[in-house]
file run04.pdb (PDB, C-alpha atoms and all ligand atoms)
ATOM      1  CA  MET A  17      79.213 125.452 112.205
ATOM      2  CA  ALA A  18      81.891 123.180 110.741
ATOM      3  CA  GLU A  19      82.989 122.215 114.287
ATOM      4  CA  THR A  20      79.447 121.232 115.306
ATOM      5  CA  MET A  21      79.104 119.033 112.223
ATOM      6  CA  THR A  22      82.391 117.287 113.020
ATOM      7  CA  ALA A  23      81.353 116.620 116.614
ATOM      8  CA  LYS A  24      77.956 115.342 115.527
ATOM      9  CA  ASN A  25      79.358 112.819 113.055
ATOM     10  CA  ASN A  26      82.295 111.748 115.175
ATOM     11  CA  ARG A  27      81.707 108.077 116.057
ATOM     12  CA  THR A  28      84.991 107.482 117.904
ATOM     13  CA  ILE A  29      84.500 104.999 120.756
ATOM     14  CA  GLN A  30      85.301 106.555 124.139
ATOM     15  CA  LEU A  31      85.601 105.000 127.595
ATOM     16  CA  THR A  32      83.075 106.058 130.228
ATOM     17  CA  GLU A  33      83.699 105.932 133.991
ATOM     18  CA  GLU A  34      81.578 102.781 134.064
ATOM     19  CA  ASP A  35      83.761 101.184 131.362
ATOM     20  CA  ARG A  36      86.820 101.874 133.482
ATOM     21  CA  GLN A  37      85.433  99.749 136.309
ATOM     22  CA  ARG A  38      84.765  96.747 134.094
ATOM     23  CA  ASP A  39      86.275  93.308 134.332
ATOM     24  CA  LEU A  40      88.427  92.464 131.311
ATOM     25  CA  GLY A  41      87.221  88.883 131.064
ATOM     26  CA  ARG A  42      89.300  85.726 130.653
ATOM     27  CA  PHE A  43      90.745  86.315 127.243
ATOM     28  CA  ILE A  44      91.952  89.932 127.402
ATOM     29  CA  LEU A  45      94.990  90.236 129.641
ATOM     30  CA  ASN A  46      96.622  93.376 130.920
ATOM     31  CA  VAL A  47     100.185  92.029 130.874
ATOM     32  CA  ASP A  48     103.555  92.527 129.250
ATOM     33  CA  CYS A  49     103.479  89.886 126.522
ATOM     34  CA  LEU A  50     107.226  89.395 126.692
ATOM     35  CA  GLU A  51     107.137  88.620 130.417
ATOM     36  CA  HIS A  52     103.986  86.500 130.521
ATOM     37  CA  GLU A  53     104.136  82.698 130.128
ATOM     38  CA  TRP A  54     102.084  81.535 127.108
ATOM     39  CA  PRO A  55     101.194  77.870 126.536
ATOM     40  CA  GLU A  56     103.019  76.004 123.779
ATOM     41  CA  ASN A  57     101.247  74.986 120.515
ATOM     42  CA  SER A  58      98.044  76.710 121.556
ATOM     43  CA  VAL A  59      97.095  79.123 118.756
ATOM     44  CA  ASP A  60      96.367  78.835 115.037
ATOM     45  CA  MET A  61      97.279  82.396 114.127
ATOM     46  CA  LEU A  62      99.631  84.871 115.783
ATOM     47  CA  PHE A  63      99.248  88.518 114.765
ATOM     48  CA  LEU A  64     102.232  90.671 115.732
ATOM     49  CA  ASP A  65     101.792  94.432 115.544
ATOM     50  CA  PRO A  66     104.501  95.700 117.898
ATOM     51  CA  PRO A  67     105.587  99.359 118.157
ATOM     52  CA  TYR A  68     107.435 100.303 114.948
ATOM     53  CA  ASN A  69     110.856 101.906 115.169
ATOM     54  CA  LEU A  70     109.357 105.393 115.310
ATOM     55  CA  GLU A  71     108.700 107.780 118.135
ATOM     56  CA  LYS A  72     105.141 107.066 119.293
ATOM     57  CA  ASP A  73     103.199 107.695 122.484
ATOM     58  CA  PHE A  74     100.854 104.759 123.194
ATOM     59  CA  GLY A  75     100.121 105.871 126.770
ATOM     60  CA  VAL A  76     101.956 103.543 129.138
ATOM     61  CA  VAL A  77     104.423 102.693 126.355
ATOM     62  CA  LYS A  78     106.295 105.654 124.947
ATOM     63  CA  PHE A  79     108.348 104.179 122.161
ATOM     64  CA  LYS A  80     111.552 105.914 121.046
ATOM     65  CA  GLU A  81     113.507 105.036 117.933
ATOM     66  CA  VAL A  82     116.251 102.572 118.871
ATOM     67  CA  LYS A  83     119.503 101.570 117.149
ATOM     68  CA  ASN A  84     119.021  97.847 117.792
ATOM     69  CA  TYR A  85     115.445  97.462 116.510
ATOM     70  CA  ARG A  86     116.603  94.291 114.752
ATOM     71  CA  GLU A  87     117.313  92.737 118.132
ATOM     72  CA  TYR A  88     113.985  93.961 119.559
ATOM     73  CA  VAL A  89     111.876  92.493 116.747
ATOM     74  CA  SER A  90     113.898  89.320 116.454
ATOM     75  CA  SER A  91     113.716  88.539 120.160
ATOM     76  CA  LEU A  92     109.982  89.214 120.402
ATOM     77  CA  VAL A  93     109.216  86.925 117.446
ATOM     78  CA  TYR A  94     111.445  84.251 118.963
ATOM     79  CA  ARG A  95     110.012  84.767 122.466
ATOM     80  CA  LEU A  96     106.431  84.168 121.216
ATOM     81  CA  SER A  97     107.054  81.602 118.470
ATOM     82  CA  HIS A  98     106.375  78.517 120.618
ATOM     83  CA  VAL A  99     102.653  79.400 120.968
ATOM     84  CA  VAL A 100     101.861  78.699 117.297
ATOM     85  CA  LYS A 101     100.520  75.222 116.489
ATOM     86  CA  PRO A 102     102.426  73.132 113.902
ATOM     87  CA  GLY A 103      99.942  74.055 111.102
ATOM     88  CA  GLY A 104      99.660  77.697 112.171
ATOM     89  CA  SER A 105     100.534  81.108 110.738
ATOM     90  CA  VAL A 106     102.216  84.271 111.972
ATOM     91  CA  PHE A 107     101.834  87.824 110.636
ATOM     92  CA  LEU A 108     104.337  90.551 111.490
ATOM     93  CA  CYS A 109     103.528  94.194 110.696
ATOM     94  CA  ASN A 110     105.983  96.993 110.076
ATOM     95  CA  GLU A 111     106.968  99.812 107.749
ATOM     96  CA  TRP A 112     109.635  99.824 105.037
ATOM     97  CA  SER A 113     112.687 100.747 107.114
ATOM     98  CA  ALA A 114     112.351  97.622 109.279
ATOM     99  CA  SER A 115     111.740  95.233 106.372
ATOM    100  CA  CYS A 116     115.146  93.533 106.555
ATOM    101  CA  ASP A 117     114.816  93.127 110.331
ATOM    102  CA  CYS A 118     111.380  91.543 109.931
ATOM    103  CA  VAL A 119     112.440  89.079 107.245
ATOM    104  CA  GLU A 120     115.324  87.955 109.412
ATOM    105  CA  ALA A 121     113.094  87.619 112.476
ATOM    106  CA  ILE A 122     110.467  85.571 110.632
ATOM    107  CA  GLU A 123     113.000  83.328 108.900
ATOM    108  CA  ARG A 124     114.666  82.534 112.216
ATOM    109  CA  CYS A 125     111.473  80.877 113.516
ATOM    110  CA  TYR A 126     109.167  80.194 110.543
ATOM    111  CA  ASN A 127     109.032  79.572 106.816
ATOM    112  CA  LEU A 128     108.531  82.896 105.072
ATOM    113  CA  LYS A 129     105.475  82.741 102.759
ATOM    114  CA  ASN A 130     104.852  86.270 101.546
ATOM    115  CA  ARG A 131     104.961  89.997 102.073
ATOM    116  CA  LEU A 132     101.608  91.757 101.935
ATOM    117  CA  THR A 133     101.850  95.460 101.227
ATOM    118  CA  TRP A 134      98.841  97.554 102.098
ATOM    119  CA  GLN A 135      98.320 101.106 101.067
ATOM    120  CA  ARG A 136      97.904 103.294 104.133
ATOM    121  CA  GLU A 137      96.627 106.678 103.132
ATOM    122  CA  LYS A 138      97.461 108.699 106.183
ATOM    123  CA  GLY A 139     100.385 110.628 107.544
ATOM    124  CA  ARG A 140     102.143 113.854 106.809
ATOM    125  CA  ALA A 141     104.181 114.597 103.729
ATOM    126  CA  SER A 142     107.921 114.844 104.262
ATOM    127  CA  LYS A 143     110.207 117.507 102.820
ATOM    128  CA  SER A 144     113.260 115.266 102.908
ATOM    129  CA  ASN A 145     111.887 111.931 101.701
ATOM    130  CA  TRP A 146     108.892 110.307 100.027
ATOM    131  CA  LYS A 147     105.899 110.110 102.317
ATOM    132  CA  ALA A 148     105.341 106.606 103.690
ATOM    133  CA  GLY A 149     102.117 105.481 102.003
ATOM    134  CA  CYS A 150     102.204 101.761 102.696
ATOM    135  CA  GLU A 151     103.060  99.132 105.287
ATOM    136  CA  ASP A 152     104.210  95.540 105.066
ATOM    137  CA  ILE A 153     102.825  92.467 106.765
ATOM    138  CA  TRP A 154     105.161  89.491 106.657
ATOM    139  CA  TRP A 155     103.500  86.085 106.612
ATOM    140  CA  GLY A 156     105.251  82.988 107.945
ATOM    141  CA  VAL A 157     104.083  79.418 108.536
ATOM    142  CA  ASN A 158     105.410  76.654 110.730
ATOM    143  CA  ASP A 159     105.091  73.934 108.123
ATOM    144  CA  GLN A 160     105.512  74.573 104.376
ATOM    145  CA  ALA A 161     103.681  71.340 103.586
ATOM    146  CA  ASP A 162     100.792  71.768 105.989
ATOM    147  CA  TYR A 163      99.311  75.228 106.486
ATOM    148  CA  LYS A 164      95.933  76.857 105.885
ATOM    149  CA  PHE A 165      95.254  79.245 103.025
ATOM    150  CA  TYR A 166      91.792  79.893 101.555
ATOM    151  CA  PRO A 167      92.007  82.273  98.570
ATOM    152  CA  GLU A 168      88.320  81.832  97.725
ATOM    153  CA  ARG A 169      87.358  83.501 101.010
ATOM    154  CA  ILE A 170      89.272  86.714 100.298
ATOM    155  CA  LYS A 171      88.013  87.712  96.880
ATOM    156  CA  ILE A 172      87.885  91.407  96.068
ATOM    157  CA  ARG A 173      84.794  92.891  94.423
ATOM    158  CA  LYS A 174      85.828  95.484  91.864
ATOM    159  CA  GLN A 175      83.976  97.691  89.479
ATOM    160  CA  VAL A 176      84.583  96.582  85.889
ATOM    161  CA  ILE A 177      86.509  99.253  84.002
ATOM    162  CA  ALA A 178      86.754  97.433  80.649
ATOM    163  CA  PRO A 179      83.594  95.313  80.365
ATOM    164  CA  TYR A 180      84.832  92.450  78.188
ATOM    165  CA  LYS A 181      82.278  90.208  76.508
ATOM    166  CA  GLU A 182      82.639  86.873  74.742
ATOM    167  CA  GLY A 183      79.875  85.710  72.413
ATOM    168  CA  GLY A 184      77.805  88.679  73.587
ATOM    169  CA  LYS A 185      78.043  87.571  77.233
ATOM    170  CA  ALA A 186      79.931  89.167  80.106
ATOM    171  CA  LYS A 187      83.264  87.399  80.671
ATOM    172  CA  ASP A 188      84.006  86.943  84.391
ATOM    173  CA  TRP A 189      81.834  89.808  85.559
ATOM    174  CA  ASP A 190      78.227  90.398  86.522
ATOM    175  CA  GLU A 191      76.307  92.293  83.887
ATOM    176  CA  THR A 192      73.515  93.296  86.263
ATOM    177  CA  THR A 193      75.855  94.950  88.784
ATOM    178  CA  GLY A 194      78.928  95.874  86.718
ATOM    179  CA  PHE A 195      81.212  94.239  89.315
ATOM    180  CA  ARG A 196      83.556  91.286  89.245
ATOM    181  CA  ASP A 197      85.123  89.219  92.006
ATOM    182  CA  THR A 198      88.839  88.776  91.676
ATOM    183  CA  GLY A 199      91.537  86.966  93.645
ATOM    184  CA  SER A 200      93.488  89.041  96.131
ATOM    185  CA  SER A 201      97.111  89.862  95.329
ATOM    186  CA  ASN A 202      99.816  90.726  97.845
ATOM    187  CA  PHE A 203      99.348  94.407  97.051
ATOM    188  CA  LEU A 204      96.266  95.618  98.878
ATOM    189  CA  ASN A 205      94.749  99.003  98.175
ATOM    190  CA  ILE A 206      91.269  98.391  99.552
ATOM    191  CA  PHE A 207      91.736  99.477 103.165
ATOM    192  CA  SER A 208      91.346 102.797 104.845
ATOM    193  CA  VAL A 209      92.926 103.589 108.199
ATOM    194  CA  PRO A 210      90.073 103.983 110.739
ATOM    195  CA  PHE A 211      89.034 107.623 111.057
ATOM    196  CA  TRP A 212      86.626 109.556 113.224
ATOM    197  CA  SER A 213      83.417 108.951 111.280
ATOM    198  CA  MET A 214      83.859 105.153 111.298
ATOM    199  CA  PRO A 215      82.112 103.209 114.099
ATOM    200  CA  GLU A 216      85.244 101.090 114.714
ATOM    201  CA  ASN A 217      87.437 104.137 115.446
ATOM    202  CA  THR A 218      89.074 104.601 118.865
ATOM    203  CA  PRO A 219      91.693 107.109 120.091
ATOM    204  CA  HIS A 220      94.483 104.513 119.606
ATOM    205  CA  PRO A 221      97.278 106.139 117.552
ATOM    206  CA  THR A 222      97.988 103.122 115.318
ATOM    207  CA  GLN A 223      94.705 101.248 115.080
ATOM    208  CA  LYS A 224      94.498  98.703 112.244
ATOM    209  CA  PRO A 225      91.347  98.504 110.099
ATOM    210  CA  GLU A 226      88.897  95.659 110.827
ATOM    211  CA  LYS A 227      88.698  94.899 107.100
ATOM    212  CA  LEU A 228      92.456  94.151 107.024
ATOM    213  CA  LEU A 229      92.287  91.753 109.967
ATOM    214  CA  ALA A 230      89.232  90.087 108.422
ATOM    215  CA  MET A 231      91.272  89.318 105.310
ATOM    216  CA  LEU A 232      94.140  87.714 107.273
ATOM    217  CA  ILE A 233      91.867  85.739 109.597
ATOM    218  CA  LEU A 234      89.595  84.432 106.828
ATOM    219  CA  ALA A 235      92.575  83.491 104.652
ATOM    220  CA  THR A 236      94.405  81.419 107.252
ATOM    221  CA  THR A 237      91.979  80.152 109.899
ATOM    222  CA  ASP A 238      88.735  78.219 110.214
ATOM    223  CA  GLU A 239      85.783  78.917 112.486
ATOM    224  CA  GLY A 240      86.655  77.880 116.036
ATOM    225  CA  ASP A 241      90.422  78.370 115.514
ATOM    226  CA  VAL A 242      92.358  80.435 118.055
ATOM    227  CA  VAL A 243      93.745  83.854 117.098
ATOM    228  CA  PHE A 244      96.322  85.496 119.394
ATOM    229  CA  ASP A 245      97.339  89.180 119.457
ATOM    230  CA  PRO A 246      99.911  90.030 122.150
ATOM    231  CA  PHE A 247     100.087  93.755 121.150
ATOM    232  CA  CYS A 248      96.336  94.213 120.800
ATOM    233  CA  GLY A 249      96.058  98.003 121.286
ATOM    234  CA  SER A 250      92.458  98.998 120.582
ATOM    235  CA  GLY A 251      91.482  95.323 120.110
ATOM    236  CA  THR A 252      90.996  95.070 116.346
ATOM    237  CA  THR A 253      92.221  91.457 116.139
ATOM    238  CA  PRO A 254      90.093  89.920 118.925
ATOM    239  CA  VAL A 255      87.061  91.946 117.781
ATOM    240  CA  VAL A 256      87.321  90.670 114.197
ATOM    241  CA  ALA A 257      88.084  87.133 115.412
ATOM    242  CA  LYS A 258      84.876  87.243 117.441
ATOM    243  CA  LYS A 259      82.843  88.660 114.544
ATOM    244  CA  LEU A 260      84.080  85.810 112.328
ATOM    245  CA  GLY A 261      83.435  83.026 114.848
ATOM    246  CA  ARG A 262      87.058  82.433 115.859
ATOM    247  CA  LYS A 263      88.313  82.164 119.437
ATOM    248  CA  TYR A 264      90.730  84.826 120.605
ATOM    249  CA  ILE A 265      93.280  85.702 123.214
ATOM    250  CA  ALA A 266      94.921  89.124 123.400
ATOM    251  CA  CYS A 267      96.872  91.387 125.700
ATOM    252  CA  ASP A 268      98.249  94.878 126.022
ATOM    253  CA  VAL A 269     100.540  96.277 128.680
ATOM    254  CA  ASP A 270      98.287  99.363 128.889
ATOM    255  CA  ARG A 271      95.043  98.773 130.839
ATOM    256  CA  ASP A 272      93.191 101.495 128.939
ATOM    257  CA  TRP A 273      93.712  99.703 125.625
ATOM    258  CA  CYS A 274      92.507  96.465 127.218
ATOM    259  CA  LEU A 275      89.375  98.341 128.335
ATOM    260  CA  TYR A 276      88.794  99.623 124.799
ATOM    261  CA  THR A 277      89.222  96.062 123.551
ATOM    262  CA  SER A 278      86.657  94.804 126.057
ATOM    263  CA  LYS A 279      84.228  97.547 125.122
ATOM    264  CA  ARG A 280      84.566  96.802 121.413
ATOM    265  CA  LEU A 281      84.046  93.089 122.094
ATOM    266  CA  ASP A 282      80.785  93.958 123.877
ATOM    267  CA  LEU A 283      79.686  96.156 120.980
ATOM    268  CA  ALA A 284      80.395  93.245 118.616
ATOM    269  CA  GLU A 285      77.726  91.211 120.450
ATOM    270  CA  GLY A 286      75.052  93.317 118.808
ATOM    271  CA  ASP A 287      76.819  94.109 115.549
ATOM    272  CA  SER A 288      79.096  91.670 113.781
ATOM    273  CA  SER A 289      79.387  93.716 110.599
ATOM    274  CA  ILE A 290      82.836  94.583 109.242
ATOM    275  CA  GLN A 291      82.985  97.747 107.160
ATOM    276  CA  GLY A 292      83.953  96.892 103.590
ATOM    277  CA  TYR A 293      83.395  93.119 103.973
ATOM    278  CA  HIS A 294      79.910  92.253 102.871
ATOM    279  CA  ASP A 295      78.194  89.477 100.940
ATOM    280  CA  GLY A 296      81.243  87.228 101.508
ATOM    281  CA  VAL A 297      83.628  89.497  99.577
ATOM    282  CA  PHE A 298      85.948  92.442 100.191
ATOM    283  CA  TRP A 299      84.684  95.508  98.381
ATOM    284  CA  GLU A 300      87.138  97.932  96.867
ATOM    285  CA  ARG A 301      87.095 101.415  98.340
ATOM    286  CA  ASN A 302      84.395 103.981  97.595
ATOM    287  CA  THR A 303      81.698 101.388  96.917
ATOM    288  CA  LEU A 304      79.659 101.922 100.083
ATOM    289  CA  LYS A 305      76.550 102.998  98.166
ATOM    290  CA  TYR A 306      76.544  99.692  96.229
ATOM    291  CA  GLN A 307      77.044  97.690  99.436
ATOM    292  CA  GLN A 308      74.141  99.567 101.026
ATOM    293  CA  GLN A 309      72.005  98.883  97.971
ATOM    294  CA  ILE A 310      72.646  95.130  98.355
ATOM    295  CA  LYS A 311      71.838  95.321 102.090
ATOM    296  CA  PHE A 312      68.633  97.185 101.256
ATOM    297  CA  GLU A 313      67.617  94.593  98.670
ATOM    298  CA  GLU A 314      68.353  91.766 101.141
ATOM    299  CA  ASN A 315      66.185  93.439 103.782
ATOM    300  CA  VAL A 316      63.341  93.903 101.325
ATOM    301  CA  LEU A 317      63.536  90.209 100.391
ATOM    302  CA  ASP A 318      63.610  89.191 104.093
ATOM    303  CA  ALA A 319      60.612  91.360 104.972
TER     304      ALA A 319
HETATM  305  C1  LIG B 401     101.188  99.107 117.137
HETATM  306  S1  LIG B 401     100.145  99.078 118.515
HETATM  307  C2  LIG B 401      98.964  97.823 118.111
HETATM  308  C3  LIG B 401      97.703  98.383 117.495
HETATM  309  C4  LIG B 401      96.628  97.343 117.278
HETATM  310  N1  LIG B 401      96.969  96.401 116.235
HETATM  311  C5  LIG B 401      95.270  97.975 116.949
HETATM  312  O1  LIG B 401      94.670  97.644 115.919
HETATM  313  O2  LIG B 401      94.823  98.831 117.710
HETATM  314  C6  LIG B 401     101.167  98.333 119.715
HETATM  315  C7  LIG B 401     100.543  98.138 121.078
HETATM  316  O3  LIG B 401     101.418  97.290 121.842
HETATM  317  C8  LIG B 401     101.386  97.669 123.196
HETATM  318  N2  LIG B 401     102.627  97.144 123.768
HETATM  319  C9  LIG B 401     103.907  97.589 123.576
HETATM  320  N3  LIG B 401     104.794  96.780 124.189
HETATM  321  C10 LIG B 401     104.074  95.784 124.768
HETATM  322  C11 LIG B 401     104.415  94.622 125.522
HETATM  323  N4  LIG B 401     105.678  94.329 125.806
HETATM  324  N5  LIG B 401     103.409  93.795 125.936
HETATM  325  C12 LIG B 401     102.118  94.080 125.637
HETATM  326  N6  LIG B 401     101.729  95.173 124.946
HETATM  327  C13 LIG B 401     102.687  96.002 124.505
HETATM  328  C14 LIG B 401     101.217  99.190 123.176
HETATM  329  O4  LIG B 401     100.584  99.657 124.352
HETATM  330  C15 LIG B 401     100.341  99.402 121.921
HETATM  331  O5  LIG B 401      98.981  99.540 122.250
END

call {"tool": "encode", "arguments": {"input": "run04.pdb", "output": "structure tokens", "more": "lines below"}}
Ligand SMILES: C[S@@+](CC[C@H](N)C(=O)[O-])C[C@H]1O[C@@H](n2cnc3c(N)ncnc32)[C@H](O)[C@@H]1O
result
Amino acid sequence: MAETMTAKNNRTIQLTEEDRQRDLGRFILNVDCLEHEWPENSVDMLFLDPPYNLEKDFGVVKFKEVKNYREYVSSLVYRLSHVVKPGGSVFLCNEWSASCDCVEAIERCYNLKNRLTWQREKGRASKSNWKAGCEDIWWGVNDQADYKFYPERIKIRKQVIAPYKEGGKAKDWDETTGFRDTGSSNFLNIFSVPFWSMPENTPHPTQKPEKLLAMLILATTDEGDVVFDPFCGSGTTPVVAKKLGRKYIACDVDRDWCLYTSKRLDLAEGDSSIQGYHDGVFWERNTLKYQQQIKFEENVLDA
């Protein structure tokens, strides 16, 4: 009984035989990003989510822990750095043990702006160490004096725990809903790793959440800007770029992941929603029923 329920609610995207015959289109390339020639000064945002220094089977790529990960990450950042426009941004993902390597790699080519830490509630507990419950995303810019950052576009909607009033009126929160919109800090605990009941889920072993990419893209790019992901995996970055009206270019060395990316881009034609980003704000976790209520009220007003 439990098995049937799981199968019924499992929304993981799968490739069909027909999908496997499809053309990838102009902007999804099945290439090795470190071998391919990329045009200089051509993108506004570069999102780097390479294999971490952990044993992981991506399909074509079977990554094994290496001693010289510092060299790997540093040379890939350097190899791709010329593509970013003078006013552009780069994001580099990794987990705690590669933090020093990432800082060095970013500082070699960019100005380091921040470290975003996002809580990633997945993974097994360890008997010999604390379980890894978060990941870092290092943000660098080409020009300290001329880069894009839009904090007003990445506000977080939170439930008010201590409803403070001044002169009998709600201070900085909405009395009708009990929520307030607050600026985003560099510690982010509002994302959930995609899982089987989410429509964005694919079989990719390290898929990033759409909500996370939406935050980075909205914060540092404008509509029409170009977003580039050379390690695109299941396609989260180009899919979110498309949903938010940005241009995209992406590649993966594994054709299957390119096919998943293409399929998700097609699905985005009919559905540009991003789970957890609604009404122009990022909702904290476990607020789906309130988001649905707002959607319902909007639909009633539209009808
Ligand atoms: C950490 S995953 C990226 C996951 C992705 N952000 C997502 O949301 O699904 C890294 C991906 O890089 C790909 N890859 C590894 N080395 C590559 C290379 N040299 N060129 C292109 N793709 C590569 C792997 O096949 C894998 O899908």

call {"tool": "resolve_selection", "arguments": {"input": "run04.pdb", "expression": "the PyMOL selection byres (((not hetatm)) within 9 of (chain B and resi 401))", "output": "number ranges by chain"}}
result
A: 46-52, 63-68, 73-79, 92, 109-110, 218, 220-226, 229, 245-253, 267-274, 277

call {"tool": "write_last_selection", "arguments": {"input": "run04.pdb", "atoms": "C-alpha atoms", "output": "CSV table (one decimal), in the frame of the given file"}}
result
chain,number,residue,atom,x,y,z
A,46,ASN,CA,96.6,93.4,130.9
A,47,VAL,CA,100.2,92.0,130.9
A,48,ASP,CA,103.6,92.5,129.2
A,49,CYS,CA,103.5,89.9,126.5
A,50,LEU,CA,107.2,89.4,126.7
A,51,GLU,CA,107.1,88.6,130.4
A,52,HIS,CA,104.0,86.5,130.5
A,63,PHE,CA,99.2,88.5,114.8
A,64,LEU,CA,102.2,90.7,115.7
A,65,ASP,CA,101.8,94.4,115.5
A,66,PRO,CA,104.5,95.7,117.9
A,67,PRO,CA,105.6,99.4,118.2
A,68,TYR,CA,107.4,100.3,114.9
A,73,ASP,CA,103.2,107.7,122.5
A,74,PHE,CA,100.9,104.8,123.2
A,75,GLY,CA,100.1,105.9,126.8
A,76,VAL,CA,102.0,103.5,129.1
A,77,VAL,CA,104.4,102.7,126.4
A,78,LYS,CA,106.3,105.7,124.9
A,79,PHE,CA,108.3,104.2,122.2
A,92,LEU,CA,110.0,89.2,120.4
A,109,CYS,CA,103.5,94.2,110.7
A,110,ASN,CA,106.0,97.0,110.1
A,218,THR,CA,89.1,104.6,118.9
A,220,HIS,CA,94.5,104.5,119.6
A,221,PRO,CA,97.3,106.1,117.6
A,222,THR,CA,98.0,103.1,115.3
A,223,GLN,CA,94.7,101.2,115.1
A,224,LYS,CA,94.5,98.7,112.2
A,225,PRO,CA,91.3,98.5,110.1
A,226,GLU,CA,88.9,95.7,110.8
A,229,LEU,CA,92.3,91.8,110.0
A,245,ASP,CA,97.3,89.2,119.5
A,246,PRO,CA,99.9,90.0,122.2
A,247,PHE,CA,100.1,93.8,121.2
A,248,CYS,CA,96.3,94.2,120.8
A,249,GLY,CA,96.1,98.0,121.3
A,250,SER,CA,92.5,99.0,120.6
A,251,GLY,CA,91.5,95.3,120.1
A,252,THR,CA,91.0,95.1,116.3
A,253,THR,CA,92.2,91.5,116.1
A,267,CYS,CA,96.9,91.4,125.7
A,268,ASP,CA,98.2,94.9,126.0
A,269,VAL,CA,100.5,96.3,128.7
A,270,ASP,CA,98.3,99.4,128.9
A,271,ARG,CA,95.0,98.8,130.8
A,272,ASP,CA,93.2,101.5,128.9
A,273,TRP,CA,93.7,99.7,125.6
A,274,CYS,CA,92.5,96.5,127.2
A,277,THR,CA,89.2,96.1,123.6

call {"tool": "atom_distance", "arguments": {"input": "run04.pdb", "atom1": "CA of Glu137 (chain A)", "atom2": "CA of Leu108 (chain A)"}}
result
19.7 Å

call {"tool": "closest_residue", "arguments": {"input": "run04.pdb", "among": "A:Ala161, A:Val99, A:Ala141, A:Ile177", "to": "Met61 (chain A)", "atoms": "all atoms listed in the file"}}
result
A:Val99

call {"tool": "atom_distance", "arguments": {"input": "run04.pdb", "atom1": "CA of Asp238 (chain A)", "atom2": "CA of Val255 (chain A)"}}
result
15.8 Å

call {"tool": "closest_residue", "arguments": {"input": "run04.pdb", "among": "A:Lys138, A:Asp241, A:Lys258, A:Glu313", "to": "Asp282 (chain A)", "atoms": "all atoms listed in the file"}}
result
A:Lys258

call {"tool": "residues_around", "arguments": {"input": "run04.pdb", "residues": "Arg136 (chain A)", "least_positions_apart": "5", "cutoff": "7 Å", "atoms": "all atoms listed in the file", "output": "list of chain:residue names"}}
result
A:Gly149, A:Cys150, A:Glu151, A:Ser208, A:Val209

call {"tool": "write_last_selection", "arguments": {"input": "run04.pdb", "atoms": "C-alpha atoms", "output": "compact mmCIF listing (two decimals), in the frame of the given file"}}
result
# COMPACT_ATOMS: atom_id res chain seq x y z
CA GLY A 149 102.12 105.48 102.00
CA CYS A 150 102.20 101.76 102.70
CA GLU A 151 103.06 99.13 105.29
CA SER A 208 91.35 102.80 104.84
CA VAL A 209 92.93 103.59 108.20

call {"tool": "atom_distance", "arguments": {"input": "run04.pdb", "atom1": "CA of Lys83 (chain A)", "atom2": "CA of Glu71 (chain A)"}}
result
12.5 Å

call {"tool": "residues_around", "arguments": {"input": "run04.pdb", "residues": "Ser288 (chain A)", "least_positions_apart": "5", "cutoff": "12 Å", "atoms": "only C-alpha atoms", "output": "list in words"}}
result
Pro215, Glu216, Glu226, Ala230, Val255, Val256, Ala257, Lys258, Lys259, Leu260, Gly261, Arg280, Leu281, Asp282, Leu283, Tyr293 and His294 of chain A

call {"tool": "closest_residue", "arguments": {"input": "run04.pdb", "among": "A:Leu234, A:Phe203, A:Asp152, A:Val106", "to": "Phe165 (chain A)", "atoms": "only C-alpha atoms"}}
result
A:Leu234

call {"tool": "resolve_selection", "arguments": {"input": "run04.pdb", "expression": "the PyMOL selection byres (((chain A and resi 60) around 9) and not hetatm)", "output": "PyMOL selection string"}}
result
chain A and resi 57-59+61-62+99-106+236-237+241-244

call {"tool": "write_last_selection", "arguments": {"input": "run04.pdb", "atoms": "C-alpha atoms", "output": "PDB file, keeping the file's coordinate frame"}}
result
ATOM      1  CA  ASN A  57     101.247  74.986 120.515  1.00  0.00           C
ATOM      2  CA  SER A  58      98.044  76.710 121.556  1.00  0.00           C
ATOM      3  CA  VAL A  59      97.095  79.123 118.756  1.00  0.00           C
ATOM      4  CA  MET A  61      97.279  82.396 114.127  1.00  0.00           C
ATOM      5  CA  LEU A  62      99.631  84.871 115.783  1.00  0.00           C
ATOM      6  CA  VAL A  99     102.653  79.400 120.968  1.00  0.00           C
ATOM      7  CA  VAL A 100     101.861  78.699 117.297  1.00  0.00           C
ATOM      8  CA  LYS A 101     100.520  75.222 116.489  1.00  0.00           C
ATOM      9  CA  PRO A 102     102.426  73.132 113.902  1.00  0.00           C
ATOM     10  CA  GLY A 103      99.942  74.055 111.102  1.00  0.00           C
ATOM     11  CA  GLY A 104      99.660  77.697 112.171  1.00  0.00           C
ATOM     12  CA  SER A 105     100.534  81.108 110.738  1.00  0.00           C
ATOM     13  CA  VAL A 106     102.216  84.271 111.972  1.00  0.00           C
ATOM     14  CA  THR A 236      94.405  81.419 107.252  1.00  0.00           C
ATOM     15  CA  THR A 237      91.979  80.152 109.899  1.00  0.00           C
ATOM     16  CA  ASP A 241      90.422  78.370 115.514  1.00  0.00           C
ATOM     17  CA  VAL A 242      92.358  80.435 118.055  1.00  0.00           C
ATOM     18  CA  VAL A 243      93.745  83.854 117.098  1.00  0.00           C
ATOM     19  CA  PHE A 244      96.322  85.496 119.394  1.00  0.00           C
TER      20      PHE A 244
END

call {"tool": "closest_residue", "arguments": {"input": "run04.pdb", "among": "A:Val82, A:Leu128, A:Val176, A:Ala266", "to": "Gly156 (chain A)", "atoms": "only C-alpha atoms"}}
result
A:Leu128

call {"tool": "axis_aligned_box", "arguments": {"input": "run04.pdb", "around": "region 23-28 of chain A", "padding_each_side": "3 Å", "output": "lines of an AutoDock Vina configuration file"}}
result
center_x = 81.5
center_y = 112.1
center_z = 115.5
size_x = 13.0
size_y = 15.1
size_z = 10.8
